[in-house]
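As stored in final_17.txt (compact mmCIF, C-alpha atoms and all ligand atoms):
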# COMPACT_ATOMS: atom_id res chain seq x y z
CA MET A 171 106.17 80.75 78.90
CA MET A 172 103.96 83.82 78.78
CA THR A 173 101.08 83.20 76.39
CA ALA A 174 99.00 85.78 74.56
CA ASN A 175 96.22 86.71 76.93
CA PRO A 176 93.86 89.65 76.74
CA PHE A 177 93.95 89.90 80.53
CA ALA A 178 96.66 91.49 82.62
CA VAL A 179 95.05 89.83 85.62
CA ASP A 180 93.01 86.65 85.50
CA ILE A 181 92.11 85.19 88.89
CA LYS A 182 89.92 82.12 89.41
CA ASP A 183 88.72 80.53 92.66
CA LEU A 184 91.51 82.12 94.66
CA THR A 185 91.86 81.29 98.35
CA TYR A 186 94.54 82.52 100.70
CA ALA A 187 95.25 82.24 104.43
CA TYR A 188 98.37 83.32 106.28
CA LYS A 189 100.09 80.55 108.23
CA ASN A 190 97.73 79.12 110.88
CA GLY A 191 95.33 82.01 110.28
CA PRO A 192 91.75 82.23 109.01
CA LYS A 193 90.97 82.49 105.32
CA VAL A 194 91.76 86.08 104.32
CA LEU A 195 90.78 85.86 100.65
CA ASP A 196 88.17 83.78 98.85
CA ILE A 197 87.59 85.24 95.39
CA ALA A 198 85.65 83.55 92.58
CA ALA A 199 87.09 85.67 89.77
CA ILE A 200 88.79 88.94 88.92
CA GLN A 201 89.72 89.87 85.37
CA ILE A 202 91.51 93.05 84.40
CA ALA A 203 92.10 93.75 80.74
CA ALA A 204 95.46 95.00 79.51
CA SER A 205 95.82 98.81 79.78
CA GLU A 206 92.93 99.21 82.24
CA HIS A 207 93.39 101.64 85.13
CA VAL A 208 91.68 99.98 88.08
CA PHE A 209 90.95 101.49 91.47
CA LEU A 210 90.73 98.85 94.22
CA HIS A 211 89.17 99.77 97.53
CA GLY A 212 87.93 98.06 100.67
CA PRO A 213 88.09 98.58 104.42
CA SER A 214 91.33 98.19 106.35
CA GLY A 215 92.03 94.49 106.81
CA SER A 216 89.85 93.40 103.88
CA GLY A 217 92.85 91.85 102.11
CA LYS A 218 93.95 94.46 99.55
CA THR A 219 97.68 94.22 100.26
CA THR A 220 97.39 90.43 100.46
CA LEU A 221 95.77 90.34 97.00
CA LEU A 222 98.54 92.53 95.58
CA GLY A 223 101.15 90.22 97.14
CA LEU A 224 99.54 87.26 95.37
CA LEU A 225 99.50 89.12 92.04
CA ALA A 226 103.17 89.99 92.47
CA GLY A 227 104.06 86.38 93.28
CA ILE A 228 105.35 87.37 96.71
CA LEU A 229 102.64 85.20 98.30
CA VAL A 230 101.47 81.84 96.97
CA PRO A 231 97.76 80.91 97.12
CA GLN A 232 96.44 77.76 98.78
CA GLY A 233 93.83 77.35 96.06
CA GLY A 234 92.83 78.62 92.64
CA SER A 235 94.84 80.21 89.90
CA VAL A 236 96.50 83.59 89.42
CA ARG A 237 97.55 84.57 85.91
CA VAL A 238 99.44 87.82 85.46
CA LEU A 239 100.19 89.08 81.92
CA GLY A 240 99.26 85.61 80.71
CA GLN A 241 101.68 83.90 83.05
CA ASP A 242 100.30 81.30 85.47
CA LEU A 243 102.34 82.14 88.57
CA ALA A 244 101.88 78.62 90.00
CA THR A 245 104.06 77.21 87.23
CA LEU A 246 107.04 79.34 88.31
CA ARG A 247 109.56 78.51 91.00
CA SER A 248 110.34 81.15 93.58
CA ALA A 249 113.41 82.52 91.77
CA GLN A 250 111.48 82.63 88.47
CA ARG A 251 108.67 84.58 90.16
CA ASP A 252 111.26 87.06 91.45
CA ARG A 253 112.61 87.48 87.92
CA PHE A 254 109.11 87.82 86.47
CA ARG A 255 108.33 90.51 89.05
CA SER A 256 111.45 92.57 88.39
CA SER A 257 111.04 92.33 84.60
CA HIS A 258 107.33 93.03 84.22
CA LEU A 259 105.93 94.61 87.38
CA GLY A 260 106.38 97.99 88.99
CA TYR A 261 105.26 97.60 92.58
CA ILE A 262 104.86 100.56 94.91
CA PHE A 263 104.55 98.99 98.33
CA GLN A 264 102.36 100.33 101.14
CA ILE A 265 105.53 100.37 103.22
CA PHE A 266 107.97 101.60 100.66
CA ASN A 267 110.62 98.89 100.90
CA LEU A 268 113.44 101.19 99.87
CA ILE A 269 116.87 99.66 100.35
CA PRO A 270 118.35 101.57 103.31
CA TYR A 271 122.00 101.27 102.32
CA LEU A 272 121.42 102.60 98.77
CA ASN A 273 120.91 106.29 97.99
CA VAL A 274 117.92 107.68 96.07
CA LEU A 275 119.45 107.22 92.60
CA GLU A 276 120.61 103.67 93.38
CA ASN A 277 117.18 102.71 94.70
CA ILE A 278 115.44 104.02 91.58
CA THR A 279 117.78 102.36 89.08
CA LEU A 280 117.79 99.01 90.92
CA PRO A 281 115.14 97.33 88.69
CA CYS A 282 117.28 98.08 85.61
CA HIS A 283 120.22 96.36 87.24
CA LEU A 284 118.07 93.38 88.28
CA SER A 285 116.37 92.97 84.91
CA PRO A 286 117.90 93.28 81.42
CA GLU A 287 114.35 93.69 80.03
CA ARG A 288 113.68 96.75 82.19
CA LYS A 289 117.00 98.22 81.08
CA MET A 290 116.20 97.53 77.43
CA ARG A 291 112.89 99.35 77.68
CA LEU A 292 114.58 102.59 78.76
CA GLY A 293 114.65 103.59 75.09
CA GLY A 294 118.36 104.05 74.68
CA VAL A 295 119.14 106.20 77.71
CA THR A 296 121.11 105.04 80.74
CA PRO A 297 119.32 104.08 83.98
CA ASP A 298 120.75 107.22 85.62
CA VAL A 299 119.33 109.50 82.93
CA ALA A 300 115.94 107.77 83.07
CA ALA A 301 115.94 108.09 86.87
CA LEU A 302 116.78 111.79 86.71
CA ASP A 303 113.95 112.37 84.25
CA LEU A 304 111.43 110.66 86.55
CA CYS A 305 112.79 112.53 89.58
CA ARG A 306 112.38 115.87 87.81
CA GLN A 307 108.74 115.03 87.13
CA LEU A 308 108.24 113.99 90.76
CA ASN A 309 110.11 117.02 92.17
CA ILE A 310 112.80 114.97 93.89
CA ALA A 311 115.70 115.65 91.48
CA ASN A 312 117.54 117.49 94.26
CA LEU A 313 117.62 114.35 96.39
CA LEU A 314 119.43 111.92 94.06
CA ASP A 315 122.51 111.34 96.18
CA ARG A 316 120.73 111.43 99.54
CA PRO A 317 120.45 108.32 101.73
CA VAL A 318 116.79 107.23 101.63
CA THR A 319 116.84 106.94 105.43
CA GLU A 320 117.01 110.76 105.58
CA LEU A 321 113.90 111.41 103.49
CA SER A 322 110.43 112.42 104.57
CA VAL A 323 107.66 109.87 104.06
CA GLY A 324 106.25 111.77 101.07
CA GLN A 325 109.72 111.90 99.51
CA GLN A 326 110.20 108.16 100.07
CA GLN A 327 106.84 107.58 98.41
CA ARG A 328 108.01 109.44 95.31
CA VAL A 329 111.30 107.52 95.21
CA ALA A 330 109.27 104.30 95.39
CA ALA A 331 107.12 105.55 92.51
CA ALA A 332 110.13 106.35 90.34
CA ARG A 333 111.56 102.90 91.03
CA ALA A 334 108.25 101.30 90.02
CA LEU A 335 107.96 103.30 86.79
CA ILE A 336 111.54 103.07 85.50
CA GLY A 337 111.95 100.83 82.45
CA ALA A 338 108.23 100.83 81.59
CA PRO A 339 106.89 97.69 83.30
CA GLU A 340 103.67 96.30 81.75
CA PHE A 341 101.83 96.10 85.07
CA ILE A 342 101.96 98.75 87.79
CA ILE A 343 100.71 97.81 91.24
CA ALA A 344 100.38 100.67 93.69
CA ASP A 345 99.37 100.16 97.32
CA GLU A 346 98.28 103.46 98.91
CA PRO A 347 101.00 105.30 96.97
CA THR A 348 99.70 108.79 97.68
CA SER A 349 98.79 108.56 101.37
CA ALA A 350 101.65 110.88 102.44
CA LEU A 351 101.33 113.39 99.60
CA ASP A 352 99.54 116.72 99.73
CA SER A 353 96.77 117.28 97.18
CA ASN A 354 98.96 119.09 94.60
CA ARG A 355 101.59 116.37 94.71
CA ARG A 356 98.87 113.72 94.62
CA GLN A 357 97.48 115.16 91.39
CA GLU A 358 100.98 115.38 89.87
CA PHE A 359 101.70 111.85 90.97
CA ILE A 360 98.56 110.42 89.38
CA GLU A 361 99.17 112.33 86.16
CA LEU A 362 102.72 111.02 85.95
CA LEU A 363 101.57 107.51 86.77
CA PHE A 364 98.93 107.56 84.02
CA ALA A 365 101.26 109.17 81.47
CA ALA A 366 104.00 106.62 82.16
CA ALA A 367 101.49 103.77 82.05
CA ASP A 368 99.84 104.89 78.82
CA GLN A 369 103.20 105.34 77.13
CA ALA A 370 104.02 101.70 77.94
CA LYS A 371 100.36 100.56 77.43
CA ALA A 372 100.67 99.35 81.00
CA THR A 373 97.90 98.16 83.29
CA ILE A 374 97.46 99.89 86.65
CA LEU A 375 96.01 98.41 89.81
CA PHE A 376 95.82 101.16 92.39
CA VAL A 377 94.76 100.72 96.01
CA SER A 378 93.61 103.71 98.01
CA HIS A 379 91.29 104.76 100.79
CA ASP A 380 90.99 108.15 99.09
CA HIS A 381 87.72 107.86 97.18
CA SER A 382 88.19 111.29 95.57
CA LEU A 383 90.69 109.55 93.26
CA ALA A 384 88.25 106.85 92.12
CA PRO A 385 86.67 108.81 89.21
CA LEU A 386 90.09 109.15 87.56
CA PHE A 387 90.16 105.40 86.90
CA THR A 388 88.50 103.36 84.17
CA ARG A 389 87.03 100.92 86.68
CA ASN A 390 86.47 100.54 90.43
CA LEU A 391 86.63 97.23 92.28
CA SER A 392 85.36 96.70 95.81
CA LEU A 393 87.23 93.97 97.63
CA LEU A 394 84.39 93.76 100.13
CA ASP A 395 82.08 92.73 97.26
CA LEU A 396 84.57 90.38 95.62
CA ASN A 397 85.96 88.65 98.68
CA ARG A 398 83.69 85.97 100.14
CA ALA A 399 86.02 85.63 103.14
CA SER A 400 85.29 89.21 104.20
CA ARG A 401 81.55 88.81 103.58
CA SER A 402 81.39 85.79 105.85
CA GLY A 403 82.84 87.88 108.66
CA GLU A 404 86.18 86.10 108.79
CA VAL A 405 87.98 89.40 108.39
CA ASP A 406 87.83 92.32 110.84
CA ALA A 407 85.64 95.09 109.46
N1 LIG B 1 101.98 88.81 107.42
C1 LIG B 1 100.78 88.52 107.92
N2 LIG B 1 100.60 87.46 108.75
C2 LIG B 1 99.38 87.13 109.23
N3 LIG B 1 98.26 87.81 108.94
C3 LIG B 1 98.36 88.87 108.13
C4 LIG B 1 99.62 89.28 107.58
N4 LIG B 1 99.41 90.37 106.80
C5 LIG B 1 98.09 90.62 106.88
N5 LIG B 1 97.45 89.74 107.66
C6 LIG B 1 95.99 89.69 107.94
O1 LIG B 1 95.29 89.55 106.70
C7 LIG B 1 94.15 90.37 106.67
C8 LIG B 1 94.23 91.27 105.43
O2 LIG B 1 95.33 92.15 105.58
P1 LIG B 1 95.79 93.13 104.43
O3 LIG B 1 97.08 93.73 104.84
O4 LIG B 1 95.74 92.41 103.14
O5 LIG B 1 94.61 94.21 104.48
P2 LIG B 1 94.43 95.60 103.70
O6 LIG B 1 93.10 95.55 103.03
O7 LIG B 1 95.62 95.85 102.86
O8 LIG B 1 94.36 96.65 104.91
P3 LIG B 1 94.89 98.18 104.98
O9 LIG B 1 93.84 98.99 104.27
O10 LIG B 1 94.91 98.45 106.44
O11 LIG B 1 96.23 98.26 104.36
C9 LIG B 1 94.12 91.12 108.00
O12 LIG B 1 93.18 90.48 108.83
C10 LIG B 1 95.52 90.99 108.53
O13 LIG B 1 95.51 90.93 109.93
MG MG B 2 97.13 97.24 102.93
Would you encode the structure as structure tokens?
Amino acid sequence: MMTANPFAVDIKDLTYAYKNGPKVLDIAAIQIAASEHVFLHGPSGSGKTTLLGLLAGILVPQGGSVRVLGQDLATLRSAQRDRFRSSHLGYIFQIFNLIPYLNVLENITLPCHLSPERKMRLGGVTPDVAALDLCRQLNIANLLDRPVTELSVGQQQRVAAARALIGAPEFIIADEPTSALDSNRRQEFIELLFAAADQAKATILFVSHDHSLAPLFTRNLSLLDLNRASRSGEVDA
């Protein structure tokens, strides 16, 4: 069960290594309060995407504990972690992970079809209407019936954002979500992200190499400082 917990993220003594590889993460503690907007940065290879994968329950740590929205992920089986992710998390992947055989609209509404909770939080409108509304805000409303394989990278990024935001998930994880957007679109994207998050009182964990975005967030975290594995030189700088 999810228990009342003031923290959206509560990590203790976390260690992670990919199969047969060196330790990639060794983190004593990270705590992120509910509704915080956190900017996570660190050099390429420092383990940012790996950390997000652990928070999303896609990866399982070798040691330590990861609690997300009060839920200890170690107590869930793989299928339960998948359900937890689709109900409570909006994840914008560094590689967008759009489903190639679904069009734009079908990709965006997918979480609502996977999770009754996400559908319930649409506030009475259908998934299609909610998707159209997000697409208007992201300037991709003209693309709804297009195959995602025919989109530009920046367009795919915005489809991935709409899919993450639909149905107001409590925790939004975004891995370099604006890397392919020009500066106007980037600004619009961040504004939409924050507005959607604040409406749902959601927590945001946002990874980017673009330090000009950092001041927009309530807190900055440096993975290089937090990760003892990177400090000990086990990770490429
Ligand atoms: N699937 C994998 N199998 C084995 N090793 C991996 C895998 N994915 C990442 N790694 C290794 O883990 C380390 C951390 O990678 P990660 O992708 O988390 O870095 P990152 O901080 O997200 O980098 P970037 O800024 O380039 O996206 C790297 O040394 C990388 O080579
Ligand atoms: Mg990465």
Would you pick out the contacts of Asp298 (chain A) at 9 Å or less, using only C-alpha atoms, so that residues sharing its chain but fewer than 6 positions from it are not included, and give the list as a VMD selection string? chain A and resid 275 to 276 278 to 279
Check every protein, DNA and RNA residue against ligand MG 2 (chain B), keep those with an atom at most 12 Å away (counting all atoms listed in the file), and present them as a tab-separated table (two decimals) with C-alpha atoms, in the frame of the given file.
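Now in result-v4.tsv:
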chain	number	residue	atom	x	y	z
A	210	LEU	CA	90.73	98.85	94.22
A	211	HIS	CA	89.17	99.77	97.53
A	212	GLY	CA	87.93	98.06	100.67
A	213	PRO	CA	88.09	98.58	104.42
A	214	SER	CA	91.33	98.19	106.35
A	215	GLY	CA	92.03	94.49	106.81
A	216	SER	CA	89.85	93.40	103.88
A	217	GLY	CA	92.85	91.85	102.11
A	218	LYS	CA	93.95	94.46	99.55
A	219	THR	CA	97.68	94.22	100.26
A	220	THR	CA	97.39	90.43	100.46
A	221	LEU	CA	95.77	90.34	97.00
A	222	LEU	CA	98.54	92.53	95.58
A	223	GLY	CA	101.15	90.22	97.14
A	262	ILE	CA	104.86	100.56	94.91
A	263	PHE	CA	104.55	98.99	98.33
A	264	GLN	CA	102.36	100.33	101.14
A	265	ILE	CA	105.53	100.37	103.22
A	266	PHE	CA	107.97	101.60	100.66
A	344	ALA	CA	100.38	100.67	93.69
A	345	ASP	CA	99.37	100.16	97.32
A	346	GLU	CA	98.28	103.46	98.91
A	347	PRO	CA	101.00	105.30	96.97
A	349	SER	CA	98.79	108.56	101.37
A	376	PHE	CA	95.82	101.16	92.39
A	377	VAL	CA	94.76	100.72	96.01
A	378	SER	CA	93.61	103.71	98.01
A	379	HIS	CA	91.29	104.76	100.79
A	393	LEU	CA	87.23	93.97	97.63
Of the listed residues A:Pro317, A:Gly324, A:Pro270, A:Gly337, that which approaches Thr296 (chain A) most closely, counting all atoms listed in the file: A:Gly337
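Counting only C-alpha atoms and comparing A:Ala350, A:Ile343, A:Leu335, A:Ala198, the residue that lies closest to Leu280 (chain A) is A:Leu335.
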Counting only C-alpha atoms and all ligand atoms, figure out which residue out of A:Ala244, A:Val238, A:Leu229, A:Val323 gets nearest to ligand LIG 1 (chain B). A:Leu229
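In this model, the gap between CA of Ala204 (chain A) and CA of Gln325 (chain A) comes to 29.8 Å.
Note that CA of Leu184 (chain A) and CA of Ala331 (chain A) are 28.2 Å apart.
One distance worth recording is that between CA of Arg333 (chain A) and CA of Ala372 (chain A), which is 15.2 Å.
Between ligand LIG 1 (chain B) and the residues A:Thr348, A:Thr185, A:Asn190, A:Gln327, the shortest atom-to-atom distance, using only C-alpha atoms and all ligand atoms, involves A:Asn190.
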Leaving out Arg389 (chain A) and any residue of its chain fewer than 6 positions from it, which residues lie within 7 Å of it when counting all atoms listed in the file, given as a PyMOL selection string? chain A and resi 207-209
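Near Ala366 (chain A), within 12 Å and counting all atoms listed in the file, sit Ser205, Gly260, Leu292, Asp303, Leu304, Gln307, Ala331, Ala332, Ala334, Leu335, Ile336, Gly337, Ala338, Pro339, Glu340, Phe341, Ile342, Phe359, Ile360, Glu361, Leu362, Ala370, Lys371, Ala372, Thr373 and Ile374 of chain A, not including residues fewer than 4 positions from it in the same chain.
Closest approach to Leu302 (chain A) among A:Thr388, A:Asn397, A:Ile269, A:Val329: A:Val329, based on all atoms listed in the file.
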Given 4 Å of margin on each side, can you work out the centre and size in Å (one decimal) of an axis-aligned box holding every listed atom of ligand LIG 1 (chain B), as lines of an AutoDock Vina configuration file?
center_x = 97.5
center_y = 93.1
center_z = 106.4
size_x = 16.9
size_y = 19.9
size_z = 15.1
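Considering the residues A:His283, A:Arg356, A:Arg288, A:Arg398 and counting all atoms listed in the file, Phe254 (chain A) has its shortest atom-to-atom contact with A:Arg288.
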List the spatial neighbours of region 231-233 of chain A as a count of residues only - criterion: any atom at most 12 Å away, all atoms listed in the file, same-chain residues fewer than 2 positions off excluded. 31
